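**Q** Contents of my_file_17.cif (mmCIF, C-alpha atoms and all ligand atoms):
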data_protein
loop_
_atom_site.label_atom_id
_atom_site.label_comp_id
_atom_site.auth_asym_id
_atom_site.auth_seq_id
_atom_site.Cartn_x
_atom_site.Cartn_y
_atom_site.Cartn_z
CA MET H 1 -20.56 62.94 -8.08
CA GLN H 2 -22.36 59.62 -7.84
CA GLN H 3 -21.03 57.04 -10.26
CA LYS H 4 -23.34 56.05 -13.08
CA LYS H 5 -25.14 52.75 -12.56
CA ARG H 6 -24.25 49.81 -14.76
CA ILE H 7 -27.30 48.14 -16.29
CA LEU H 8 -27.34 44.96 -18.35
CA LEU H 9 -29.85 44.74 -21.20
CA LEU H 10 -30.93 41.19 -21.97
CA ALA H 11 -32.68 41.10 -25.33
CA THR H 12 -35.07 38.24 -26.02
CA GLY H 13 -36.87 39.36 -29.22
CA GLY H 14 -40.52 40.48 -29.40
CA THR H 15 -42.10 43.30 -31.40
CA ILE H 16 -39.77 45.87 -29.84
CA ALA H 17 -36.87 44.31 -31.78
CA SER H 18 -38.84 43.33 -34.90
CA ARG H 19 -38.73 44.43 -38.51
CA LYS H 20 -41.24 43.75 -41.25
CA SER H 21 -40.48 40.61 -43.23
CA ASP H 22 -42.38 38.65 -45.92
CA ASN H 23 -43.89 36.60 -43.10
CA GLY H 24 -44.93 39.56 -40.95
CA LEU H 25 -42.96 41.06 -38.08
CA LYS H 26 -39.81 39.15 -37.10
CA PRO H 27 -37.33 39.90 -34.29
CA GLN H 28 -34.22 41.10 -36.14
CA ILE H 29 -32.94 44.22 -34.38
CA THR H 30 -29.83 43.54 -32.29
CA PRO H 31 -29.61 44.77 -28.68
CA GLU H 32 -26.78 47.14 -29.67
CA GLU H 33 -29.08 48.67 -32.29
CA LEU H 34 -31.85 48.96 -29.68
CA ILE H 35 -29.54 51.09 -27.56
CA GLU H 36 -28.54 53.22 -30.55
CA TYR H 37 -32.19 54.21 -30.93
CA ILE H 38 -32.13 55.78 -27.43
CA PRO H 39 -28.87 57.79 -27.33
CA GLN H 40 -30.10 59.75 -24.27
CA VAL H 41 -29.70 56.57 -22.18
CA LYS H 42 -26.00 57.51 -21.78
CA GLU H 43 -27.06 60.29 -19.43
CA ILE H 44 -28.91 57.82 -17.21
CA CYS H 45 -26.59 54.83 -16.94
CA ASP H 46 -23.91 52.73 -18.60
CA VAL H 47 -25.49 49.95 -20.61
CA GLU H 48 -24.11 46.65 -21.79
CA ALA H 49 -26.22 44.42 -23.94
CA VAL H 50 -26.53 40.69 -24.52
CA GLN H 51 -28.70 38.93 -27.07
CA LEU H 52 -30.06 36.12 -24.94
CA LEU H 53 -32.84 34.94 -27.25
CA ASN H 54 -34.48 36.12 -30.42
CA LEU H 55 -38.06 34.95 -30.15
CA ASP H 56 -41.60 35.97 -30.67
CA SER H 57 -42.65 35.60 -27.05
CA THR H 58 -45.47 33.22 -27.96
CA ASN H 59 -42.63 30.69 -28.31
CA MET H 60 -41.29 31.34 -24.82
CA GLU H 61 -40.92 28.24 -22.64
CA PRO H 62 -39.95 27.61 -19.00
CA SER H 63 -36.44 26.65 -20.18
CA HIS H 64 -36.07 30.23 -21.44
CA TRP H 65 -36.91 31.58 -17.98
CA LYS H 66 -34.11 29.43 -16.60
CA LEU H 67 -31.79 30.94 -19.20
CA MET H 68 -32.74 34.46 -18.07
CA VAL H 69 -32.25 33.58 -14.41
CA HIS H 70 -28.91 32.02 -15.23
CA ALA H 71 -27.75 35.13 -17.13
CA ILE H 72 -28.79 37.43 -14.26
CA TRP H 73 -27.11 35.18 -11.69
CA GLU H 74 -23.91 35.01 -13.72
CA HIS H 75 -23.70 38.81 -14.10
CA TYR H 76 -25.24 39.74 -10.75
CA ASP H 77 -22.05 41.12 -9.19
CA ASP H 78 -21.04 43.09 -12.27
CA PHE H 79 -24.23 45.15 -12.70
CA ASP H 80 -26.55 47.32 -10.62
CA GLY H 81 -29.72 46.33 -12.42
CA PHE H 82 -31.15 44.44 -15.36
CA VAL H 83 -33.57 45.28 -18.19
CA ILE H 84 -35.13 42.49 -20.20
CA ALA H 85 -36.62 43.37 -23.60
CA HIS H 86 -39.45 40.92 -24.26
CA GLY H 87 -42.51 40.32 -26.46
CA THR H 88 -45.74 41.41 -24.83
CA ASP H 89 -47.82 38.27 -25.27
CA THR H 90 -46.13 36.22 -22.55
CA MET H 91 -44.33 39.02 -20.72
CA ALA H 92 -46.60 38.75 -17.68
CA TYR H 93 -45.77 35.03 -17.34
CA THR H 94 -42.04 35.74 -17.52
CA ALA H 95 -42.41 38.52 -14.94
CA ALA H 96 -44.28 36.20 -12.58
CA ALA H 97 -41.84 33.33 -13.11
CA LEU H 98 -38.80 35.54 -12.48
CA SER H 99 -40.45 36.97 -9.35
CA TYR H 100 -40.34 33.49 -7.85
CA MET H 101 -37.06 32.37 -9.40
CA VAL H 102 -35.11 35.44 -8.23
CA GLN H 103 -36.17 36.46 -4.74
CA ASN H 104 -35.04 39.33 -2.50
CA THR H 105 -33.15 41.01 -5.31
CA LYS H 106 -32.01 44.46 -4.26
CA LYS H 107 -30.87 44.97 -7.84
CA PRO H 108 -33.98 45.67 -9.93
CA ILE H 109 -35.00 43.38 -12.77
CA VAL H 110 -37.19 45.33 -15.19
CA ILE H 111 -39.09 43.67 -18.01
CA THR H 112 -40.33 45.76 -20.90
CA GLY H 113 -41.34 45.60 -24.54
CA ALA H 114 -43.48 47.54 -26.96
CA GLN H 115 -46.59 47.44 -29.08
CA LYS H 116 -44.65 48.89 -32.05
CA PRO H 117 -41.12 48.09 -33.29
CA ILE H 118 -38.40 50.53 -32.31
CA ASP H 119 -37.50 51.37 -35.93
CA LEU H 120 -40.92 52.93 -36.66
CA GLU H 121 -41.36 56.66 -36.54
CA ILE H 122 -44.31 56.41 -34.16
CA THR H 123 -43.53 53.86 -31.49
CA ASP H 124 -43.78 53.25 -27.77
CA ALA H 125 -40.51 51.28 -27.80
CA LYS H 126 -38.18 54.20 -27.12
CA SER H 127 -40.12 55.61 -24.18
CA ASN H 128 -40.64 52.16 -22.67
CA LEU H 129 -36.92 51.40 -22.91
CA ILE H 130 -35.84 54.78 -21.53
CA ASP H 131 -38.34 54.50 -18.64
CA SER H 132 -37.02 51.01 -17.90
CA PHE H 133 -33.40 52.14 -17.72
CA LEU H 134 -34.40 55.12 -15.60
CA TYR H 135 -36.26 52.84 -13.20
CA ALA H 136 -33.52 50.18 -13.16
CA ALA H 137 -30.91 52.84 -12.33
CA ASP H 138 -32.92 54.37 -9.48
CA ASP H 139 -31.63 53.68 -5.96
CA ARG H 140 -35.09 52.93 -4.59
CA SER H 141 -35.93 50.21 -7.14
CA GLN H 142 -35.69 46.52 -6.29
CA GLY H 143 -37.40 43.23 -7.16
CA VAL H 144 -38.96 42.17 -10.45
CA GLN H 145 -41.30 44.56 -12.25
CA ILE H 146 -42.79 45.34 -15.63
CA VAL H 147 -42.31 48.91 -16.85
CA PHE H 148 -44.70 49.71 -19.69
CA ASP H 149 -46.47 52.85 -20.88
CA GLY H 150 -45.30 54.83 -17.86
CA LYS H 151 -46.56 52.28 -15.34
CA VAL H 152 -44.50 50.15 -12.98
CA ILE H 153 -46.30 46.90 -12.21
CA ALA H 154 -45.27 44.22 -9.71
CA GLY H 155 -44.03 41.14 -11.59
CA THR H 156 -46.65 38.95 -9.93
CA ARG H 157 -49.53 41.28 -10.76
CA ALA H 158 -49.27 42.13 -14.44
CA LYS H 159 -51.72 41.04 -17.09
CA LYS H 160 -51.78 41.91 -20.78
CA VAL H 161 -55.20 43.45 -21.28
CA ARG H 162 -54.93 45.23 -24.63
CA SER H 163 -53.49 43.95 -27.88
CA LYS H 164 -53.03 47.30 -29.71
CA SER H 165 -53.14 50.25 -27.33
CA TYR H 166 -49.95 51.41 -25.71
CA ASN H 167 -51.37 50.80 -22.23
CA ALA H 168 -51.23 47.06 -22.81
CA PHE H 169 -50.74 46.01 -19.17
CA SER H 170 -52.79 46.36 -16.02
CA SER H 171 -51.92 45.57 -12.44
CA ILE H 172 -54.42 43.03 -11.14
CA ASP H 173 -55.81 43.41 -7.60
CA TYR H 174 -52.90 45.57 -6.58
CA PRO H 175 -52.08 49.19 -7.42
CA SER H 176 -49.29 50.02 -9.85
CA LEU H 177 -46.16 50.52 -7.79
CA ALA H 178 -45.18 53.76 -9.52
CA VAL H 179 -45.73 55.88 -12.59
CA ILE H 180 -43.01 57.41 -14.74
CA GLN H 181 -43.68 60.70 -16.46
CA ASP H 182 -41.25 63.11 -18.13
CA MET H 183 -38.30 61.24 -16.61
CA ASN H 184 -39.74 61.42 -13.08
CA ILE H 185 -40.58 58.35 -11.05
CA MET H 186 -43.57 58.85 -8.76
CA ARG H 187 -43.85 55.99 -6.32
CA TYR H 188 -47.22 55.03 -4.89
CA ILE H 189 -46.10 52.05 -2.84
CA PRO H 190 -42.94 52.46 -0.78
CA MET H 191 -40.81 49.34 -0.91
CA LEU H 192 -39.38 47.95 2.29
CA PRO H 193 -35.75 47.05 1.63
CA TYR H 194 -35.18 43.30 1.44
CA GLU H 195 -33.41 42.04 4.51
CA GLU H 196 -32.52 38.60 3.24
CA GLU H 197 -29.87 37.80 0.67
CA VAL H 198 -30.82 37.38 -2.98
CA ARG H 199 -31.80 33.81 -3.88
CA PHE H 200 -31.83 32.24 -7.34
CA TYR H 201 -33.89 29.19 -8.23
CA GLU H 202 -33.35 27.25 -11.42
CA LYS H 203 -35.59 24.27 -10.74
CA LEU H 204 -39.09 24.40 -12.09
CA ASP H 205 -41.81 21.81 -12.11
CA GLU H 206 -43.17 21.97 -15.64
CA ASN H 207 -45.89 19.37 -15.08
CA VAL H 208 -48.47 21.93 -14.05
CA PHE H 209 -51.46 22.93 -16.14
CA LEU H 210 -53.54 26.07 -15.66
CA MET H 211 -57.22 25.70 -16.36
CA LYS H 212 -59.91 28.34 -16.51
CA LEU H 213 -63.35 27.64 -15.23
CA ILE H 214 -65.70 27.74 -18.20
CA PRO H 215 -69.41 27.09 -18.16
CA GLY H 216 -70.15 23.55 -19.25
CA ILE H 217 -66.65 22.27 -18.51
CA ARG H 218 -66.50 18.52 -19.34
CA PRO H 219 -64.92 16.43 -16.62
CA LYS H 220 -63.51 14.02 -19.23
CA VAL H 221 -61.12 16.76 -20.37
CA LEU H 222 -59.40 16.61 -16.99
CA LYS H 223 -58.56 12.97 -17.53
CA SER H 224 -56.69 13.69 -20.71
CA ILE H 225 -54.88 16.63 -19.12
CA PHE H 226 -53.65 14.29 -16.40
CA GLU H 227 -52.15 12.04 -19.05
CA ASN H 228 -49.69 14.88 -19.69
CA TYR H 229 -49.51 16.82 -16.43
CA ASP H 230 -49.30 15.97 -12.73
CA CYS H 231 -51.17 18.97 -11.46
CA ILE H 232 -53.97 21.27 -12.50
CA ILE H 233 -54.34 24.72 -11.06
CA PHE H 234 -57.97 25.68 -11.44
CA ASP H 235 -58.21 29.36 -12.08
CA PHE H 236 -61.51 30.19 -10.44
CA PRO H 237 -62.66 33.78 -10.08
CA SER H 238 -63.82 33.02 -6.57
CA LEU H 239 -63.42 30.09 -4.26
CA THR H 240 -67.13 30.10 -3.43
CA ILE H 241 -67.92 28.76 -6.86
CA VAL H 242 -65.78 25.67 -6.80
CA PRO H 243 -67.94 23.58 -9.11
CA ASP H 244 -69.68 20.58 -7.74
CA ALA H 245 -66.74 18.46 -6.64
CA GLN H 246 -68.70 15.30 -7.29
CA THR H 247 -68.78 16.09 -11.00
CA LEU H 248 -65.19 17.17 -11.49
CA PHE H 249 -62.97 15.59 -8.91
CA PRO H 250 -63.73 11.87 -9.09
CA VAL H 251 -62.17 11.68 -12.57
CA VAL H 252 -58.90 13.34 -11.65
CA ASP H 253 -55.90 11.56 -10.37
CA GLY H 254 -53.25 13.95 -9.17
CA ILE H 255 -52.53 17.15 -7.41
CA ILE H 256 -55.13 19.86 -7.41
CA LEU H 257 -54.52 23.41 -6.38
CA LEU H 258 -57.29 25.93 -6.37
CA SER H 259 -56.58 29.52 -7.10
CA ALA H 260 -58.73 32.56 -6.70
CA LEU H 261 -58.48 36.06 -8.05
CA GLY H 262 -58.89 39.00 -5.77
CA GLU H 263 -59.54 39.00 -2.12
CA THR H 264 -60.70 35.73 -0.63
CA ARG H 265 -62.68 35.68 2.57
CA LYS H 266 -62.23 33.15 5.32
CA SER H 267 -65.78 31.89 4.73
CA GLN H 268 -64.98 31.28 1.05
CA ILE H 269 -61.94 29.22 1.96
CA LYS H 270 -64.02 27.22 4.42
CA GLU H 271 -66.69 26.61 1.81
CA ALA H 272 -64.16 25.48 -0.79
CA LYS H 273 -62.49 23.17 1.73
CA PHE H 274 -65.85 21.67 2.56
CA ARG H 275 -66.56 20.93 -1.10
CA VAL H 276 -63.25 19.20 -1.77
CA LYS H 277 -63.23 17.31 1.52
CA PRO H 278 -64.27 13.90 0.11
CA TYR H 279 -61.32 14.11 -2.31
CA HIS H 280 -58.72 15.19 0.18
CA ASP H 281 -56.19 12.59 -0.88
CA LYS H 282 -56.03 14.28 -4.30
CA TYR H 283 -56.17 17.80 -3.05
CA TYR H 284 -53.04 19.67 -2.09
CA GLY H 285 -54.21 23.11 -1.10
CA MET H 286 -55.13 26.50 -2.38
CA ILE H 287 -53.36 29.49 -3.69
CA VAL H 288 -55.04 32.74 -2.89
CA ASN H 289 -53.79 36.01 -4.22
CA LYS H 290 -54.37 38.09 -1.16
CA ILE H 291 -54.43 37.03 2.42
CA PRO H 292 -57.94 37.67 3.70
CA LEU H 293 -57.93 40.56 6.11
CA ASP H 294 -59.68 38.57 8.81
CA MET H 295 -56.89 36.00 8.74
CA TYR H 296 -54.50 38.49 10.24
CA ARG H 297 -56.61 38.27 13.34
CA SER H 298 -56.94 34.52 13.37
CA ASN H 299 -54.56 31.64 13.53
CA ALA H 300 -53.56 31.08 9.93
CA LYS H 301 -52.23 27.65 10.86
CA ASP H 302 -55.81 26.42 11.03
CA TYR H 303 -56.15 26.76 7.30
CA ASP H 304 -55.00 24.47 4.61
CA TYR H 305 -53.72 27.05 2.19
CA TYR H 306 -50.82 29.21 1.30
CA PHE H 307 -50.72 32.59 -0.28
CA ILE H 308 -48.37 34.44 -2.55
CA ASN H 309 -47.89 38.11 -1.92
CA GLN H 310 -47.01 40.81 -4.38
CA ASP H 311 -43.29 40.24 -3.94
CA GLY H 312 -43.61 36.63 -4.95
CA GLU H 313 -42.96 35.52 -1.42
CA GLN H 314 -44.56 32.20 -0.52
CA LYS H 315 -45.82 31.53 2.95
CA LEU H 316 -46.56 27.91 3.60
CA ASN H 317 -48.61 26.97 6.58
CA GLY H 318 -46.88 23.63 6.96
CA SER H 319 -50.01 21.51 6.69
CA PRO H 320 -49.47 17.81 5.91
CA ALA H 321 -50.98 18.34 2.46
CA HIS H 322 -48.45 21.03 1.66
CA LYS H 323 -45.56 19.03 3.04
CA LYS H 324 -46.60 16.19 0.74
CA TYR H 325 -46.83 18.60 -2.19
CA MET H 326 -43.39 20.05 -1.49
CA GLU H 327 -41.83 16.61 -1.13
CA GLU H 328 -43.34 15.43 -4.41
CA THR H 329 -42.24 18.58 -6.20
CA GLU H 330 -38.73 18.12 -4.86
CA ARG H 331 -38.70 14.47 -5.97
CA ARG H 332 -39.96 15.24 -9.47
CA THR H 333 -37.56 18.09 -10.10
CA LYS H 334 -34.43 16.25 -8.92
N1 LIG F 401 -46.41 37.81 -30.51
C1 LIG F 401 -45.69 38.96 -30.17
C2 LIG F 401 -44.76 38.67 -28.97
O1 LIG F 401 -45.22 38.53 -27.88
C3 LIG F 401 -46.64 40.03 -29.82
C4 LIG F 401 -46.16 41.32 -30.08
C5 LIG F 401 -45.21 41.90 -29.02
O2 LIG F 401 -44.06 41.57 -28.87
O3 LIG F 401 -45.69 42.80 -28.42
O4 LIG F 401 -43.56 38.57 -29.13
#
How does the structure come out when it is put into structure tokens?
**A**
Amino acid sequence: MQQKKRILLLATGGTIASRKSDNGLKPQITPEELIEYIPQVKEICDVEAVQLLNLDSTNMEPSHWKLMVHAIWEHYDDFDGFVIAHGTDTMAYTAAALSYMVQNTKKPIVITGAQKPIDLEITDAKSNLIDSFLYAADDRSQGVQIVFDGKVIAGTRAKKVRSKSYNAFSSIDYPSLAVIQDMNIMRYIPMLPYEEEVRFYEKLDENVFLMKLIPGIRPKVLKSIFENYDCIIFDFPSLTIVPDAQTLFPVVDGIILLSALGETRKSQIKEAKFRVKPYHDKYYGMIVNKIPLDMYRSNAKDYDYYFINQDGEQKLNGSPAHKKYMEETERRTK
């Protein structure tokens, strides 16, 4: 008989572990108690639990991600997989951060939480936890994913889209990797086994600000952001609508990365490059979510961009702008 998998539960707080208090819900339930609420987990795997943090996830900071990475790294050889119990508000950020900070992990890292505390009679907490342990103990699982409401979502693709309903998370511009129903995992996207060794990163550049494009954006705002941050990532829905560079870019003094949701066409990248051209000394490249299909057929080296795929893998094209960006990042995080 196959030996039961050993899974480490890292509890960080959130609604899943909360009880009502005079000041509203507060994380109070210990990780050991969490496990007691799901006695059937014993049939799936052996669980050990650690209380890593006890936060409402709105208070999560990059230093907490480092703590999670450190805990996984420290226990990596002793366990077959990891489940992180987390508040839902910033869960997608943690999932994305861990996807980059722990790469090529053959041992799955599953992040989950709940819309309702585990001690309520009607709650999604128990099923989300059970599904997470089931998924973390499955031989075919690897990488960093969110398991929530029966869906398995790549760590780099999740977004919280509902504040009350159980189906709080969606996978953005990429299908859910699997669904879990009645203790069965149905996989939509087969995962190619990682060939490289697991890599842990604990350095993070925290001087990066994410800014949404809003109508009527005032360029002066950028100036004050640059008093506190070295880099702004503009979150544009499409690279074709990079706002008039003459309005926005002259006031900035730092690194600019442009990001785009969804599929980005080669023509859009060209157009965006054209618009930022006069400010090239301040511009360090683009992040696009999906490599444009036509780029597979062309020489990607011609383009000043890099992309991040669903596994969190970064492909740099080695342009001088990117080299400069990498060198500066290295210098700042030393
Ligand atoms: N603010 C809470 C948190 O993210 C939201 C509720 C939850 O955990 O789902 O911790």
**Q** Which is closer to Ala136 in chain H than all the others in H:Val110, H:Leu120, H:Val198, H:Val69, using all atoms listed in the file?
**A**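 Nearest candidate to Ala136 in chain H out of H:Val110, H:Leu120, H:Val198, H:Val69: H:Val110.
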**Q** Can you work out which one of H:Leu192, H:Ala92, H:Leu204, H:Phe274 has the shortest atom-to-atom distance to Lys66 in chain H, counting only C-alpha atoms?
**A**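 So, comparing all the options, the nearest one is H:Leu204.
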**Q** Using only C-alpha atoms and all ligand atoms, find the one residue out of H:Met91, H:Ile118, H:Ile233, H:Ile180 that sits nearest to ligand LIG 401 (chain F).
**A**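 So, comparing all the options, the nearest one is H:Met91.
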**Q** Between CA of Ala11 in chain H and CA of Thr30 in chain H, what is the spacing in Å?
**A**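 That distance, rounded to one decimal, is 7.9 Å.
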**Q** Using all atoms listed in the file, which residues have at least one atom no more than 7 Å from ligand LIG 401 (chain F)? Output them as an mmCIF file with C-alpha atoms, keeping the file's coordinate frame.
**A**
data_model
loop_
_atom_site.group_PDB
_atom_site.id
_atom_site.type_symbol
_atom_site.label_atom_id
_atom_site.label_comp_id
_atom_site.auth_asym_id
_atom_site.auth_seq_id
_atom_site.Cartn_x
_atom_site.Cartn_y
_atom_site.Cartn_z
ATOM 1 C CA GLY H 13 -36.870 39.360 -29.220
ATOM 2 C CA GLY H 14 -40.520 40.480 -29.400
ATOM 3 C CA THR H 15 -42.100 43.300 -31.400
ATOM 4 C CA ILE H 16 -39.770 45.870 -29.840
ATOM 5 C CA LEU H 55 -38.060 34.950 -30.150
ATOM 6 C CA ASP H 56 -41.600 35.970 -30.670
ATOM 7 C CA SER H 57 -42.650 35.600 -27.050
ATOM 8 C CA THR H 58 -45.470 33.220 -27.960
ATOM 9 C CA HIS H 86 -39.450 40.920 -24.260
ATOM 10 C CA GLY H 87 -42.510 40.320 -26.460
ATOM 11 C CA THR H 88 -45.740 41.410 -24.830
ATOM 12 C CA ASP H 89 -47.820 38.270 -25.270
ATOM 13 C CA THR H 90 -46.130 36.220 -22.550
ATOM 14 C CA GLY H 113 -41.340 45.600 -24.540
ATOM 15 C CA ALA H 114 -43.480 47.540 -26.960
ATOM 16 C CA GLN H 115 -46.590 47.440 -29.080
#
**Q** May I ask which of the residues H:Ser141, H:Lys203, H:Lys42, H:Val102 is the closest one to Ser63 in chain H, counting only C-alpha atoms?
**A** H:Lys203
**Q** Compare H:Pro117, H:Gly143, H:Pro31, H:Pro215 by their minimum atom-to-atom distance to Thr105 in chain H, counting only C-alpha atoms, and give me the closest one.
**A**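 The closest residue to Thr105 in chain H is H:Gly143.
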**Q** From the set H:Thr12, H:Asp46, H:Asp149, H:Asp119, which residue has the shortest atom-to-atom contact distance to Arg162 in chain H, counting all atoms listed in the file?
**A**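 Among the listed residues, the smallest separation from Arg162 in chain H belongs to H:Asp149.
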**Q** Hey, can you check how far CA of Asp124 in chain H sits from CA of Tyr166 in chain H?
**A**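 Separation between CA of Asp124 in chain H and CA of Tyr166 in chain H: 6.8 Å.
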**Q** Which distance in Å separates CA of Ser127 in chain H and CA of Met186 in chain H, to one decimal?
**A**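 Pair CA of Ser127 in chain H / CA of Met186 in chain H returns 16.1 Å.
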**Q** Show which residues sit within 10 Å of Ile225 in chain H, as a PyMOL selection string. Count all atoms listed in the file, and ignore same-chain residues fewer than 3 positions away.
**A** chain H and resi 208-209+211+220-222+228-232+252
**Q** I'd like the neighbourhood of Trp73 in chain H as a list in words, where a residue qualifies if any of its atoms comes within 12 Å (using all atoms listed in the file), though same-chain residues fewer than 2 positions away should be ignored.
**A**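 Listed by chain and then number, they are Leu8, Lys66, Leu67, Met68, Val69, His70, Ala71, His75, Tyr76, Asp77, Asp78, Phe79, Gly81, Phe82, Leu98, Met101, Val102, Gln103, Thr105, Lys107, Ile109, Val198, Arg199, Phe200, Tyr201 and Glu202 of chain H.
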**Q** Can you tell me which residues surround Pro190 in chain H at a distance of at most 12 Å, considering all atoms listed in the file, apart from same-chain residues fewer than 5 positions away, and format the answer as number ranges by chain?
**A** H: 140-142, 175-178
